[in-house]
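Student: Quick one: the structure is below, questions incoming.
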Amino acid sequence: MQKTHATVVEGMTCGNCALTISKLLEKKGATNISANAASGDVSFSLPEAQEVDVIYDMIDDMGYHVVREGDDATTEEHTHHDYSTRYLIICAVFTIPLLLHMFISWHWLHNPYVQLALSTPVYAIGMWVFGKSALRSLQHRLPNMDVLIVLGASAAYFYSIIGLVVYTDRAHDYLFFETAASIITLVMLGNWLEHQTVKSTTVAIDALVKLQPQHARIIMTDSVGKETILDVESKYVRAGDVVMVNHGDSVPVDGEIIYGEGQIDEHMITGESVPVRKMMGDAVVGGTLVVDGNIKVRATTVGNSSVLSNIIRMVREAQGTKPPLQKLADKISAIFVPAVAGIALLTIIVNYFFLHHSFAEAMMRAIAVMVISCPCAMGLATPAAVAVGLGRAARNGMLIKGGDTLERLKTIRQIVFDKTGTLTTGKLQVDEFVFDNNIINEADFKSVVASIENHSSHPIAKSVSSQWKNEKQTAFADVKEVKGKGMEARDEQGNLWQLGSEKWLNKDAAKAGYDLYLCKNNQYAGALRITDALRADAVDTINQLKKMGFKTILLSGDKKEKCERIASQLGIDVVYAEHSPEMKQTKLDELLAKAPTAMVGDGINDAPALAKATVGISLSESTQIAIQSANVILSNNQLSTLPKAIRLGIYTDQTIKQNLFWAFLYNIVAIPVAAMGMLKPTYGAGIMALSDVVLIINSLRLGIRKISD
């Protein structure tokens, strides 16, 4: 029998941390493991007979802190990242002069003792930052990237010191101080960037939490029926309590309207662009906005069971279930680390016992193997290409969060789009209108409708009056609002005009399907269909994506007929309409099971799907929660940038593979040559530098490669 455990692990703030903890849990027999570096949440299942505290103690032993029941979580971070910015700046200050000596002929930069003085603080910080993690990972037989860093940096540093002490007359042949410093500084820079990216993802959840109304007005009724209104924090509202929500307020809880009616903006939940008329008996969702009207709501769902709380939970789960970036160096570390150590040991044995070299010479050759095999080239292969790719993306209106996103973009096979605000502008307009020529002509129809809507503050009314603002104005003797239905007006000739909902004014099934109806003296005069306009580049973008071989899918909370009409205009392959956030996430799970899937969305209701997708994509004018949940933001707010982003991901992956080929080729050739003593340290340093230059030049090609169609 399995039991599920959930806790918070302080200090688990990067993908490498989450990966190490996941490996430990897997080794101890845990299943259903989820380690979310963004929030620190860890969950897993264990057999009921197994003591979870033993595993928690092991996690603590690795330098993290498990928050057990009754503990107070703190903001303390894992030592691996404490003062990361300060350490990075210090290391960079000392490393830059060391690297400059390779290009500048200043005499003091070439002094071995100056290089020793510059590299020692960097090495000390590197051992403090990476050494403890490497030691603990080895103790638990889970070697990670930090082991490679310590191995390479230590070999270069001590090789240089031995050369300086033992071979004083030709010390320059043995100086690798700049290699030791650059390994530490470059990896520290990569970790710092990853840490900043991970921290930013928690902003998505913070933004959602802020959407939960903080206060509610509870209506208390005494024994004689007298009502008293108490302003309390929303967390104190209980199921069955009645709350008052006025015009302009956010609904504090999920519930049912027991008095009044109003227009509710539910865009954050359903994605529907038009506010919905809610009446007695209708359900409302906490966090939605009353744009017109006053209502009393009986709370039905409060606390962690509310719709908004469920969205927050789904975003957390989606972030946690997405596997952390497992860099190539991590994948091969279990083989590469012992392999290099074994080759170095074999080098000592062969050179000392069989080739009869002195122990000092055999030791120097062994250290040369470790210097040559340092992960510098492999460590540079991915970040060099990613840095150029991210820069290219920024120049072309794409903000891409992390190199792993670029790598995942090339795997995409199908693309899911939200409708409102993504394929459309989110701005309401008159899409279509019809009128009865026997009652009214087109000019008078527009004039009457626009003039009536000028007297309403409803979002639809504002959009219609704005679009037809240049039409001739009709004078009315009286205009009034009919609550929950629409507007009534009487002109100077005594004609009664009514403009409102289908439910109120349309009695003819043949004329169904419009949003507003106009009647003159209780006779049908015409109707309007309101929609939000398609983005100007939507058609071309969908066409390009289909030419590139992608399956296009529309997934929206809006009404079926509206979604199908939009899909038909754009040529989208599949339509899923009227989906709630939970339904969207379930549908995305189904799609992800078939193929890697990108999700393009802009709203709060899209946030869980954006976080769960292989790649989440948002536009720059989207809600903040959508932007924070997405991996790619089209910063120029142009949908047409999407095909470019995907091509850039494909080209970046090609560049990384080319870089890795050169990096591995260097190690495959250089290690055995160094082991045989045929590669002098001076030549080794030159070849090492040349391999880095080759990788950089190849990466820079990505900056000029054509990515448009």
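Here's how to read the names in the structure tokens: chain A, B, ... by the order shown, residue numbers from 1 in each chain, ligand numbers from 1 in the order shown.
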Find the residues around Ser465 of chain A up to 7 Å (only C-alpha atoms counted), leave out those fewer than 2 positions away in its own chain, and share them as a list in words.
Tutor: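 Surrounding residues, per the criterion: Ala450, Glu453, Asn454, Ala461, Lys462, Ser463, Gln467, Trp468 and Lys469 of chain A.
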Student: Write out, as an mmCIF file, in the first residue's frame, the residues just selected, with N, CA and C atoms.
Tutor:
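Dumped everything to out.cif:
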```
data_model
loop_
_atom_site.group_PDB
_atom_site.id
_atom_site.type_symbol
_atom_site.label_atom_id
_atom_site.label_comp_id
_atom_site.auth_asym_id
_atom_site.auth_seq_id
_atom_site.Cartn_x
_atom_site.Cartn_y
_atom_site.Cartn_z
ATOM 1 N N ALA A 450 -26.622 53.203 -32.525
ATOM 2 C CA ALA A 450 -25.522 53.969 -31.941
ATOM 3 C C ALA A 450 -26.029 54.988 -30.931
ATOM 4 N N GLU A 453 -27.058 53.187 -27.690
ATOM 5 C CA GLU A 453 -25.889 52.681 -26.966
ATOM 6 C C GLU A 453 -25.065 53.801 -26.331
ATOM 7 N N ASN A 454 -25.191 55.015 -26.826
ATOM 8 C CA ASN A 454 -24.491 56.151 -26.203
ATOM 9 C C ASN A 454 -24.963 56.392 -24.777
ATOM 10 N N ALA A 461 -22.084 48.084 -25.444
ATOM 11 C CA ALA A 461 -22.596 49.390 -25.867
ATOM 12 C C ALA A 461 -21.459 50.339 -26.218
ATOM 13 N N LYS A 462 -20.409 50.332 -25.391
ATOM 14 C CA LYS A 462 -19.260 51.202 -25.656
ATOM 15 C C LYS A 462 -18.584 50.858 -26.967
ATOM 16 N N SER A 463 -18.471 49.579 -27.273
ATOM 17 C CA SER A 463 -17.806 49.173 -28.510
ATOM 18 C C SER A 463 -18.635 49.550 -29.734
ATOM 19 N N GLN A 467 -17.583 52.279 -32.597
ATOM 20 C CA GLN A 467 -17.427 51.876 -33.994
ATOM 21 C C GLN A 467 -18.316 52.706 -34.916
ATOM 22 N N TRP A 468 -19.509 53.077 -34.443
ATOM 23 C CA TRP A 468 -20.457 53.831 -35.269
ATOM 24 C C TRP A 468 -20.593 55.281 -34.786
ATOM 25 N N LYS A 469 -19.506 55.815 -34.261
ATOM 26 C CA LYS A 469 -19.570 57.167 -33.684
ATOM 27 C C LYS A 469 -19.819 58.252 -34.720
#
```
Student: Using DSSP secondary structure from the backbone, list all alpha helix (DSSP H) positions within segment 516-592 of chain A, as an mmCIF file with C-alpha atoms, in the first residue's frame.
Tutor:
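Okay, out-v7.cif is ready:
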```
data_model
loop_
_atom_site.group_PDB
_atom_site.id
_atom_site.type_symbol
_atom_site.label_atom_id
_atom_site.label_comp_id
_atom_site.auth_asym_id
_atom_site.auth_seq_id
_atom_site.Cartn_x
_atom_site.Cartn_y
_atom_site.Cartn_z
ATOM 1 C CA ALA A 538 -3.548 35.537 -37.604
ATOM 2 C CA VAL A 539 -4.423 34.077 -41.029
ATOM 3 C CA ASP A 540 -0.854 34.301 -42.337
ATOM 4 C CA THR A 541 0.565 32.823 -39.105
ATOM 5 C CA ILE A 542 -1.733 29.779 -39.188
ATOM 6 C CA ASN A 543 -0.938 29.242 -42.886
ATOM 7 C CA GLN A 544 2.811 29.345 -42.194
ATOM 8 C CA LEU A 545 2.540 26.898 -39.304
ATOM 9 C CA LYS A 546 0.518 24.459 -41.403
ATOM 10 C CA LYS A 547 3.127 24.682 -44.193
ATOM 11 C CA LYS A 560 -18.935 26.711 -29.661
ATOM 12 C CA GLU A 561 -20.449 28.653 -32.547
ATOM 13 C CA LYS A 562 -18.004 31.535 -32.075
ATOM 14 C CA CYS A 563 -15.017 29.191 -31.923
ATOM 15 C CA GLU A 564 -16.086 27.264 -35.014
ATOM 16 C CA ARG A 565 -16.583 30.505 -36.954
ATOM 17 C CA ILE A 566 -13.072 31.729 -36.020
ATOM 18 C CA ALA A 567 -11.519 28.331 -36.853
ATOM 19 C CA SER A 568 -13.228 28.329 -40.232
ATOM 20 C CA GLN A 569 -11.885 31.800 -41.045
ATOM 21 C CA LEU A 570 -8.331 30.785 -40.097
ATOM 22 C CA PRO A 581 -9.432 25.799 -16.997
ATOM 23 C CA GLU A 582 -9.673 22.249 -15.591
ATOM 24 C CA MET A 583 -11.002 20.929 -18.895
ATOM 25 C CA LYS A 584 -8.270 22.774 -20.775
ATOM 26 C CA GLN A 585 -5.597 21.133 -18.661
ATOM 27 C CA THR A 586 -7.168 17.687 -19.089
ATOM 28 C CA LYS A 587 -7.367 18.178 -22.849
ATOM 29 C CA LEU A 588 -3.753 19.340 -22.915
ATOM 30 C CA ASP A 589 -2.735 16.169 -21.042
ATOM 31 C CA GLU A 590 -4.425 14.136 -23.790
ATOM 32 C CA LEU A 591 -2.649 16.109 -26.515
ATOM 33 C CA LEU A 592 0.746 15.882 -24.763
#
```
Student: Which residues are close to Lys559 of chain A, i.e. within 12 Å by only C-alpha atoms, leaving aside same-chain residues fewer than 2 positions away? Reply as a ChimeraX atom specification.
Tutor: /A:270-274,276,419-420,513,531,555-557,561-566,575-580
Student: For each of A:Phe664, A:Lys410, A:Val600, A:Leu98, take the minimum atom-to-atom distance to Leu116 of chain A, counting only C-alpha atoms, then give the residue where this is smallest.
Tutor: A:Leu98
Student: Could you pull the residues within 10 Å of Asp431 of chain A, counting only C-alpha atoms, minus those fewer than 6 positions along the same chain, as number ranges by chain?
Tutor: A: 528-533
Student: Find the distance between atom CA of Val694 of chain A and atom CA of Cys91 of chain A and write it in Å to one decimal.
Tutor: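 That distance, rounded to one decimal, is 25.0 Å.
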Student: Could you state the separation of atom CA of Tyr524 of chain A and atom CA of Ala475 of chain A in Å, given to one decimal place?
Tutor: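 Atom-to-atom, atom CA of Tyr524 of chain A to atom CA of Ala475 of chain A, that is 20.5 Å.
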Student: Here is a test: counting only C-alpha atoms, which residue of A:Val307, A:Val291, A:Leu505, A:Met398 is nearest to His458 of chain A?
Tutor: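 Among A:Val307, A:Val291, A:Leu505, A:Met398, it is A:Val291 that comes nearest to His458 of chain A.
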Student: Nearest to Asp558 of chain A among A:Asn698, A:Glu432, A:Lys296, A:Gly421, with distances taken over only C-alpha atoms: which residue is it?
Tutor: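 Comparing A:Asn698, A:Glu432, A:Lys296, A:Gly421 against Asp558 of chain A, the winner is A:Gly421.
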Student: Tell me, in Å to one decimal, how far atom CA of Glu502 of chain A is from atom CA of Gly486 of chain A.
Tutor: 9.9 Å
Student: What parts of segment 398-500 of chain A does DSSP call strand (DSSP E)? I'd like the answer as an MDAnalysis selection string.
Tutor: chainID A and resid 399:400 414:417 424:435 476:482 486:491 496:500
Student: Keeping C-alpha atoms, export the residues of the selection given above as a PDB file, in the first residue's frame.
Tutor:
```pdb
ATOM      1  CA  LEU A 399      11.609  36.910 -25.050  1.00  0.00           C
ATOM      2  CA  ILE A 400      12.622  33.297 -24.406  1.00  0.00           C
ATOM      3  CA  GLN A 414       1.148  20.484 -32.604  1.00  0.00           C
ATOM      4  CA  ILE A 415       0.183  23.986 -31.491  1.00  0.00           C
ATOM      5  CA  VAL A 416      -2.848  24.831 -29.358  1.00  0.00           C
ATOM      6  CA  PHE A 417      -4.327  28.348 -29.477  1.00  0.00           C
ATOM      7  CA  THR A 424      -8.324  37.859 -31.786  1.00  0.00           C
ATOM      8  CA  THR A 425      -7.555  41.337 -30.463  1.00  0.00           C
ATOM      9  CA  GLY A 426      -9.921  41.020 -27.480  1.00  0.00           C
ATOM     10  CA  LYS A 427     -11.601  44.282 -28.577  1.00  0.00           C
ATOM     11  CA  LEU A 428     -15.325  43.956 -29.274  1.00  0.00           C
ATOM     12  CA  GLN A 429     -16.756  45.091 -32.589  1.00  0.00           C
ATOM     13  CA  VAL A 430     -19.860  44.644 -34.751  1.00  0.00           C
ATOM     14  CA  ASP A 431     -19.086  41.567 -36.813  1.00  0.00           C
ATOM     15  CA  GLU A 432     -22.364  41.363 -38.688  1.00  0.00           C
ATOM     16  CA  PHE A 433     -25.756  43.068 -38.695  1.00  0.00           C
ATOM     17  CA  VAL A 434     -29.090  42.527 -40.459  1.00  0.00           C
ATOM     18  CA  PHE A 435     -32.202  44.710 -40.683  1.00  0.00           C
ATOM     19  CA  PHE A 476     -34.849  60.596 -28.096  1.00  0.00           C
ATOM     20  CA  ALA A 477     -37.360  62.080 -25.706  1.00  0.00           C
ATOM     21  CA  ASP A 478     -36.650  59.364 -23.132  1.00  0.00           C
ATOM     22  CA  VAL A 479     -34.037  56.601 -22.697  1.00  0.00           C
ATOM     23  CA  LYS A 480     -33.965  54.079 -19.840  1.00  0.00           C
ATOM     24  CA  GLU A 481     -32.268  50.808 -18.947  1.00  0.00           C
ATOM     25  CA  VAL A 482     -34.345  47.653 -18.461  1.00  0.00           C
ATOM     26  CA  GLY A 486     -31.290  45.976 -22.435  1.00  0.00           C
ATOM     27  CA  MET A 487     -32.347  49.536 -23.289  1.00  0.00           C
ATOM     28  CA  GLU A 488     -35.644  51.245 -24.151  1.00  0.00           C
ATOM     29  CA  ALA A 489     -35.968  54.620 -25.914  1.00  0.00           C
ATOM     30  CA  ARG A 490     -38.837  56.743 -27.251  1.00  0.00           C
ATOM     31  CA  ASP A 491     -38.145  59.115 -30.109  1.00  0.00           C
ATOM     32  CA  LEU A 496     -40.788  52.867 -28.924  1.00  0.00           C
ATOM     33  CA  TRP A 497     -37.333  51.405 -29.637  1.00  0.00           C
ATOM     34  CA  GLN A 498     -35.976  48.408 -27.740  1.00  0.00           C
ATOM     35  CA  LEU A 499     -32.380  47.168 -28.007  1.00  0.00           C
ATOM     36  CA  GLY A 500     -31.352  44.138 -26.003  1.00  0.00           C
TER      37      GLY A 500
END
```
Student: Tell me which protein, DNA and RNA residues are within 9 Å of Val253 of chain A, counting only C-alpha atoms, leaving out same-chain ones fewer than 3 positions away, and put them as a PDB file with C-alpha atoms, in the first residue's frame.
Tutor:
```pdb
ATOM      1  CA  GLN A 212      -8.220  36.483  -4.775  1.00  0.00           C
ATOM      2  CA  PRO A 213     -10.296  39.307  -3.240  1.00  0.00           C
ATOM      3  CA  ALA A 216     -15.857  40.559   1.690  1.00  0.00           C
ATOM      4  CA  SER A 234     -12.321  36.815   2.630  1.00  0.00           C
ATOM      5  CA  VAL A 237     -16.164  33.603   4.870  1.00  0.00           C
ATOM      6  CA  VAL A 243     -22.051  38.407   0.909  1.00  0.00           C
ATOM      7  CA  VAL A 284     -20.642  33.042  -9.809  1.00  0.00           C
ATOM      8  CA  VAL A 285     -16.899  32.482  -9.427  1.00  0.00           C
ATOM      9  CA  GLY A 286     -14.626  34.186  -6.904  1.00  0.00           C
ATOM     10  CA  GLY A 287     -12.292  36.708  -8.495  1.00  0.00           C
ATOM     11  CA  VAL A 297     -24.222  35.804  -3.126  1.00  0.00           C
ATOM     12  CA  ARG A 298     -24.509  32.765  -0.872  1.00  0.00           C
ATOM     13  CA  ALA A 299     -21.074  31.178  -0.541  1.00  0.00           C
ATOM     14  CA  THR A 300     -20.960  27.565  -1.729  1.00  0.00           C
ATOM     15  CA  THR A 301     -17.226  26.905  -2.094  1.00  0.00           C
ATOM     16  CA  VAL A 302     -14.538  28.628  -0.036  1.00  0.00           C
ATOM     17  CA  GLY A 303     -10.829  28.299   0.689  1.00  0.00           C
ATOM     18  CA  SER A 306     -12.612  27.476  -4.945  1.00  0.00           C
TER      19      SER A 306
END
```
Student: Got a sec: who's within 12 Å of Val615 of chain A, counting only C-alpha atoms, leaving out chain neighbours fewer than 3 positions off, as a ChimeraX atom specification?
Tutor: /A:318-319,322,400-402,404-416,588,592,596-601,609-612,618,629-633,642,645-646,649
Student: Using only C-alpha atoms, which of A:Glu261, A:Asp222, A:Glu256, A:Glu48 sits nearest Thr4 of chain A?
Tutor: A:Glu48
